[in-house]
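J.: Structure below; questions to follow.
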Amino acid sequence: MKDKIQREIMIKATKERIYDAIANPEQVVLWFPETLEGSYKVGERPILGFGEHGKNQIYIEDAKPHEYFAYRWVPGSNHFLGDVLTVANTLVEFRIEELKDNSCKLTLTETGFATLPINLAEKCFTQNSGGWEFMLGRLGKYFEEV
Amino acid sequence: MTAAQIFKALGDPVRLEIVKRLADGSAYTMNNLSKDLGISRQGARKQIQVLVSANVVFLKPIGRETLVTLDMSSLELARAFITSMENQWDQRLNALKNFVEK
């Protein structure tokens, strides 16, 4: 079973523009968290705010303009305050790759699900609700993708 | 049963192969399932026991044989968790795309 999520998206913008949207604290709040408290620099532990859904304190792992940005957090939990490095967490990585014609491929990976504490996955999943009914036939297809 | 325990139980190529075999709905006995896994029969039994401990499969004695069956609810939990995380990222990445392209 996969311990990793990987998603890709094509974006018509320069890598500088995309990197800025991810790594600039004034920009990231315009599409991801609603608010950001604290320093948004490598080695720091800022708090992402998701309005009524709670707050999530993260750890900025690494940043390489204009191609790579990574942080650690407790996924699915919309409320975690504390030092994320002292608990089981996942690593979220953004990679920007420049293509021809002024567009870029953005690859998102999140790894470390197997290290999550007991019950966390279950808890955050019941919070989200829905998506529980999966048919047997889809399972075979899923394993082919692994 | 939690998704985290299931991920750990399946984080091994032999155990994943065992689950793949069971995933097509076929019934396997402990003896059948232990064949052609590239490890000894004893080793295979050990791996099946790990899956039993994680509630990924359960055992049912039938006569002198032991039937191994997949516990679908466990796998659905793990799969549903990952799917919900993937959906969340798709939404976020689309928001990012709309934001920088406008």
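Residues are named by chain letter and number: chains run A, B, ... in the order of the structure tokens, numbers start at 1 in each chain, and ligands are numbered from 1 in the order shown.
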Output as number ranges by chain the set of chain B residues within 9 Å of chain A, with distances taken over only C-alpha atoms.

T.: B: 1-12, 16, 20, 23-25, 72, 75-86, 89-90, 92-101

J.: What gap, in Å, lies between CA of Asp83 in chain A and CA of Glu52 in chain A?

T.: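 About the pair CA of Asp83 in chain A and CA of Glu52 in chain A: they are 21.7 Å apart.
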
J.: Based on DSSP run over this structure's backbone, return all residues of chain B in alpha helix (DSSP H), as number ranges by chain.

T.: B: 3-9, 13-23, 30-33, 41-53, 72-101

J.: Env of range 32-39 of chain B: 9 Å cut, atoms = only C-alpha atoms, seq-sep filter 4 positions within chain, self excluded. Answer as a PyMOL selection string.

T.: chain B and resi 14+17-18+21-22+28+43-45+48+68

J.: Limited to C-alpha atoms, could you put the picked residues into a file as a PDB file, in the first residue's frame?

T.:
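Written file, part_31.pdb:
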ATOM      1  CA  VAL B  14       5.675 -10.225   0.193  1.00  0.00           C
ATOM      2  CA  GLU B  17       1.700  -9.809  -2.899  1.00  0.00           C
ATOM      3  CA  ILE B  18      -0.357 -11.909  -0.485  1.00  0.00           C
ATOM      4  CA  ARG B  21      -3.732 -12.522  -4.493  1.00  0.00           C
ATOM      5  CA  LEU B  22      -6.596 -12.324  -2.038  1.00  0.00           C
ATOM      6  CA  TYR B  28      -6.974 -19.450  -0.443  1.00  0.00           C
ATOM      7  CA  GLY B  43       8.427 -17.407   6.291  1.00  0.00           C
ATOM      8  CA  ALA B  44       5.154 -17.049   4.397  1.00  0.00           C
ATOM      9  CA  ARG B  45       3.178 -18.124   7.439  1.00  0.00           C
ATOM     10  CA  ILE B  48       0.418 -13.953   6.975  1.00  0.00           C
ATOM     11  CA  VAL B  68      -7.320 -17.045   4.620  1.00  0.00           C
TER      12      VAL B  68
END

J.: Skip Glu34 in chain A itself and residues of its chain fewer than 2 positions away, then list as a list in words all residues within 12 Å of it, counting only C-alpha atoms.

T.: Pro25, Glu26, Gln27, Val28, Val29, Leu30, Trp31, Phe32, Leu36, Glu37, Ile47, Leu48, Gly49, Phe50, Gly51, Glu52, His53, Gly54, Lys55 and Asn56 of chain A

J.: So, with only C-alpha atoms as the atoms that count, which of A:Ile96, A:Ile58, A:Cys104, A:Glu44 lies closest to Leu81 in chain A?

T.: A:Ile58

J.: Work out how far CA of Val50 in chain B is from CA of Arg64 in chain B, in Å to one decimal.

T.: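 Separating CA of Arg64 in chain B from CA of Val50 in chain B is a distance of 21.6 Å.
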
J.: Which of these, B:Glu65, B:Val56, B:Lys102, B:Met30, has the shortest distance to Gln42 in chain B once you count only C-alpha atoms?

T.: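 So, comparing all the options, the nearest one is B:Met30.
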
J.: Using Å and a single decimal, report how far CA of Tyr68 in chain A sits from CA of Leu91 in chain A.

T.: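 Going from CA of Leu91 in chain A over to CA of Tyr68 in chain A covers 12.8 Å.
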
J.: From the DSSP assignment of the backbone, select every residue of range 35-109 of chain A that is strand (DSSP E or B), and format the answer as a PyMOL selection string.

T.: chain A and resi 35-37+47-49+55-57+59-64+68-73+80+90-98+104-109
